[in-house]
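Have a look at input.cif below; it lists mmCIF, C-alpha atoms.
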data_query
loop_
_atom_site.group_PDB
_atom_site.id
_atom_site.type_symbol
_atom_site.label_atom_id
_atom_site.label_comp_id
_atom_site.auth_asym_id
_atom_site.auth_seq_id
_atom_site.Cartn_x
_atom_site.Cartn_y
_atom_site.Cartn_z
ATOM 1 C CA MET M 585 182.344 37.565 65.514
ATOM 2 C CA ALA M 586 184.524 40.307 64.086
ATOM 3 C CA LEU M 587 187.431 37.885 63.776
ATOM 4 C CA ILE M 588 185.244 35.407 61.886
ATOM 5 C CA PHE M 589 184.139 38.194 59.536
ATOM 6 C CA VAL M 590 187.713 39.365 58.880
ATOM 7 C CA VAL M 591 189.040 35.860 58.246
ATOM 8 C CA SER M 592 186.082 35.187 55.938
ATOM 9 C CA SER M 593 186.956 38.295 53.955
ATOM 10 C CA ILE M 594 190.303 36.965 52.750
ATOM 11 C CA GLU M 595 191.424 33.876 50.914
ATOM 12 C CA VAL M 596 193.326 31.757 53.417
ATOM 13 C CA GLN M 597 195.662 28.925 52.432
ATOM 14 C CA LEU M 598 196.967 27.004 55.429
ATOM 15 C CA PRO M 599 199.242 24.061 54.600
ATOM 16 C CA ALA M 600 198.676 22.535 58.057
ATOM 17 C CA VAL M 601 194.952 22.193 57.285
ATOM 18 C CA ARG M 602 195.752 19.061 55.251
ATOM 19 C CA TYR M 603 196.430 17.235 58.530
ATOM 20 C CA PHE M 604 193.399 18.574 60.387
ATOM 21 C CA PRO M 605 190.489 16.116 60.798
ATOM 22 C CA PHE M 606 187.583 16.961 58.486
ATOM 23 C CA ARG M 607 189.610 19.943 57.265
ATOM 24 C CA ASP M 608 187.331 22.873 56.500
ATOM 25 C CA LYS M 609 184.317 21.528 58.377
ATOM 26 C CA GLY M 610 186.448 20.845 61.458
ATOM 27 C CA ILE M 611 187.700 24.411 61.478
ATOM 28 C CA HIS M 612 184.133 25.698 61.154
ATOM 29 C CA PHE M 613 183.071 23.412 64.006
ATOM 30 C CA LEU M 614 185.846 24.659 66.307
ATOM 31 C CA GLU M 615 185.391 28.352 65.616
ATOM 32 C CA TYR M 616 181.644 28.134 66.178
ATOM 33 C CA LEU M 617 182.157 25.985 69.285
ATOM 34 C CA VAL M 618 184.028 28.962 70.722
ATOM 35 C CA LEU M 619 181.342 31.357 69.493
ATOM 36 C CA GLY M 620 178.580 29.205 71.008
ATOM 37 C CA TRP M 621 180.473 29.115 74.308
ATOM 38 C CA LEU M 622 180.903 32.905 74.302
ATOM 39 C CA CYS M 623 177.290 33.566 73.271
ATOM 40 C CA SER M 624 176.098 31.265 76.070
ATOM 41 C CA ALA M 625 178.233 33.046 78.635
ATOM 42 C CA ALA M 626 177.035 36.447 77.416
ATOM 43 C CA SER M 627 173.339 35.551 77.277
ATOM 44 C CA SER M 628 173.439 33.867 80.681
ATOM 45 C CA ARG M 629 175.104 36.882 82.243
ATOM 46 C CA THR M 630 172.802 39.314 80.463
ATOM 47 C CA TRP M 631 169.664 37.500 81.640
ATOM 48 C CA PRO M 632 170.731 35.767 84.888
ATOM 49 C CA SER M 633 167.158 35.055 85.987
ATOM 50 C CA ALA M 634 166.158 33.466 82.651
ATOM 51 C CA LEU M 635 165.855 29.724 82.390
ATOM 52 C CA ALA M 636 169.027 28.024 81.170
ATOM 53 C CA TRP M 637 167.338 26.468 78.138
ATOM 54 C CA ARG M 638 166.201 29.918 76.995
ATOM 55 C CA THR M 639 169.644 31.475 77.186
ATOM 56 C CA ALA M 640 171.104 28.369 75.529
ATOM 57 C CA SER M 641 168.542 28.542 72.721
ATOM 58 C CA PHE M 642 169.251 32.218 72.224
ATOM 59 C CA ALA M 643 172.999 31.597 72.110
ATOM 60 C CA VAL M 644 172.657 28.853 69.490
ATOM 61 C CA PHE M 645 170.266 31.021 67.463
ATOM 62 C CA VAL M 646 172.681 33.970 67.424
ATOM 63 C CA ALA M 647 175.682 31.803 66.510
ATOM 64 C CA VAL M 648 173.842 29.938 63.737
ATOM 65 C CA LEU M 649 172.449 33.192 62.354
ATOM 66 C CA TRP M 650 176.007 34.567 62.282
ATOM 67 C CA GLY M 651 177.195 31.395 60.531
ATOM 68 C CA LEU M 652 174.494 31.768 57.896
ATOM 69 C CA SER M 653 175.377 35.420 57.342
ATOM 70 C CA ASP M 654 179.054 34.429 57.134
ATOM 71 C CA GLU M 655 178.305 31.953 54.344
ATOM 72 C CA ILE M 656 176.316 34.591 52.445
ATOM 73 C CA HIS M 657 179.251 36.970 52.908
ATOM 74 C CA GLN M 658 181.721 34.351 51.616
ATOM 75 C CA ALA M 659 179.696 33.956 48.411
ATOM 76 C CA TRP M 660 180.845 37.468 47.462
ATOM 77 C CA VAL M 661 184.507 37.075 48.446
ATOM 78 C CA PRO M 662 186.873 36.074 45.589
ATOM 79 C CA GLY M 663 188.551 32.735 46.295
ATOM 80 C CA ARG M 664 185.952 31.721 48.905
ATOM 81 C CA SER M 665 182.815 29.636 48.526
ATOM 82 C CA SER M 666 179.518 29.336 50.318
ATOM 83 C CA GLU M 667 178.469 25.816 51.373
ATOM 84 C CA VAL M 668 175.499 24.381 53.236
ATOM 85 C CA GLY M 669 177.875 21.902 54.900
ATOM 86 C CA ASP M 670 179.699 24.808 56.496
ATOM 87 C CA VAL M 671 176.459 26.086 58.030
ATOM 88 C CA VAL M 672 175.786 22.594 59.393
ATOM 89 C CA ALA M 673 179.297 22.461 60.898
ATOM 90 C CA ASP M 674 178.743 25.963 62.332
ATOM 91 C CA ALA M 675 175.437 24.915 63.900
ATOM 92 C CA LEU M 676 176.877 21.729 65.399
ATOM 93 C CA GLY M 677 179.845 23.656 66.780
ATOM 94 C CA ALA M 678 177.584 26.348 68.264
ATOM 95 C CA LEU M 679 175.415 23.674 69.865
ATOM 96 C CA ALA M 680 178.466 21.890 71.299
ATOM 97 C CA GLY M 681 179.880 25.140 72.677
ATOM 98 C CA THR M 682 176.563 26.078 74.230
ATOM 99 C CA VAL M 683 176.087 22.660 75.821
ATOM 100 C CA GLY M 684 179.685 22.742 77.029
ATOM 101 C CA TRP M 685 179.281 26.128 78.663
ATOM 102 C CA HIS M 686 176.095 25.064 80.431
ATOM 103 C CA LEU M 687 177.694 21.810 81.608
ATOM 104 C CA PHE M 688 180.743 23.567 83.030
ATOM 105 C CA SER M 689 178.998 26.632 84.421
ATOM 106 C CA ASN M 690 177.223 26.654 87.742
ATOM 107 C CA ARG M 691 173.816 27.151 86.137
ATOM 108 C CA THR M 692 171.231 24.466 86.517
ATOM 109 C CA VAL M 693 168.982 23.548 83.630
ATOM 110 C CA SER M 694 165.371 24.194 84.594
#

As structure tokens, please, write out the structure in this file.
Amino acid sequence: MALIFVVSSIEVQLPAVRYFPFRDKGIHFLEYLVLGWLCSAASSRTWPSALAWRTASFAVFVAVLWGLSDEIHQAWVPGRSSEVGDVVADALGALAGTVGWHLFSNRTVS
């Protein structure tokens, strides 16, 4: 989360992004996929007796809330912009990361 905040605080020009599928939205998707995965792992380990869907919901909620706050933050950073499409890409990435963690972990969905 700190890395996302720091990168969002500066104007970043990456020439290789031109070749990346969906460019900006793809990057948002991937970074929030990782965040969703990490939030799922953390919430599942914090509340091991909780139902998997509850820890998954919490993980997605935290990641999407961070994505929303990141877009608000970017509105104040020179050279950056705030877009609803970025929040959607963040949410989809967080959901994919959360689902991925739960599929590859040894937790059963109850």

Applied to the shown file, which residues does the PyMOL selection byres ((chain M and resi 627) around 8) return, written as a JSON list (two decimals) with C-alpha atoms, keeping the file's coordinate frame?
[["chain", "number", "residue", "atom", "x", "y", "z"],
["M", 623, "CYS", "CA", 177.29, 33.57, 73.27],
["M", 624, "SER", "CA", 176.10, 31.26, 76.07],
["M", 625, "ALA", "CA", 178.23, 33.05, 78.64],
["M", 626, "ALA", "CA", 177.04, 36.45, 77.42],
["M", 628, "SER", "CA", 173.44, 33.87, 80.68],
["M", 629, "ARG", "CA", 175.10, 36.88, 82.24],
["M", 630, "THR", "CA", 172.80, 39.31, 80.46],
["M", 631, "TRP", "CA", 169.66, 37.50, 81.64],
["M", 639, "THR", "CA", 169.64, 31.48, 77.19],
["M", 640, "ALA", "CA", 171.10, 28.37, 75.53],
["M", 642, "PHE", "CA", 169.25, 32.22, 72.22],
["M", 643, "ALA", "CA", 173.00, 31.60, 72.11]]

Exercise. Please, what distance in Å, to one decimal, runs between CA of Val644 (chain M) and CA of Gly681 (chain M)?
Worked result: 8.7 Å

For this session: Could you tell me how far CA of Ser689 (chain M) lies from CA of Glu615 (chain M), in Å and to one decimal?
Result: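 Separation between CA of Ser689 (chain M) and CA of Glu615 (chain M): 19.9 Å.
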
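Computed from the coordinates, the CA of Val648 (chain M) to CA of Gly684 (chain M) distance equals 16.2 Å.
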
For this session: Using the chain letters and numbers from the file, give me the residues hit by the PyMOL selection byres ((chain M and resi 585) around 10), as a PyMOL selection string.
Result: chain M and resi 586-590+615-616+619+647+650-651+654

Exercise. Evaluating the PyMOL selection byres ((chain M and resi 666-673) around 8) on the displayed file yields which residues, as a ChimeraX atom specification?
Worked result: /M:608-610,612-613,648,651-652,655-656,658-659,664-665,674-677
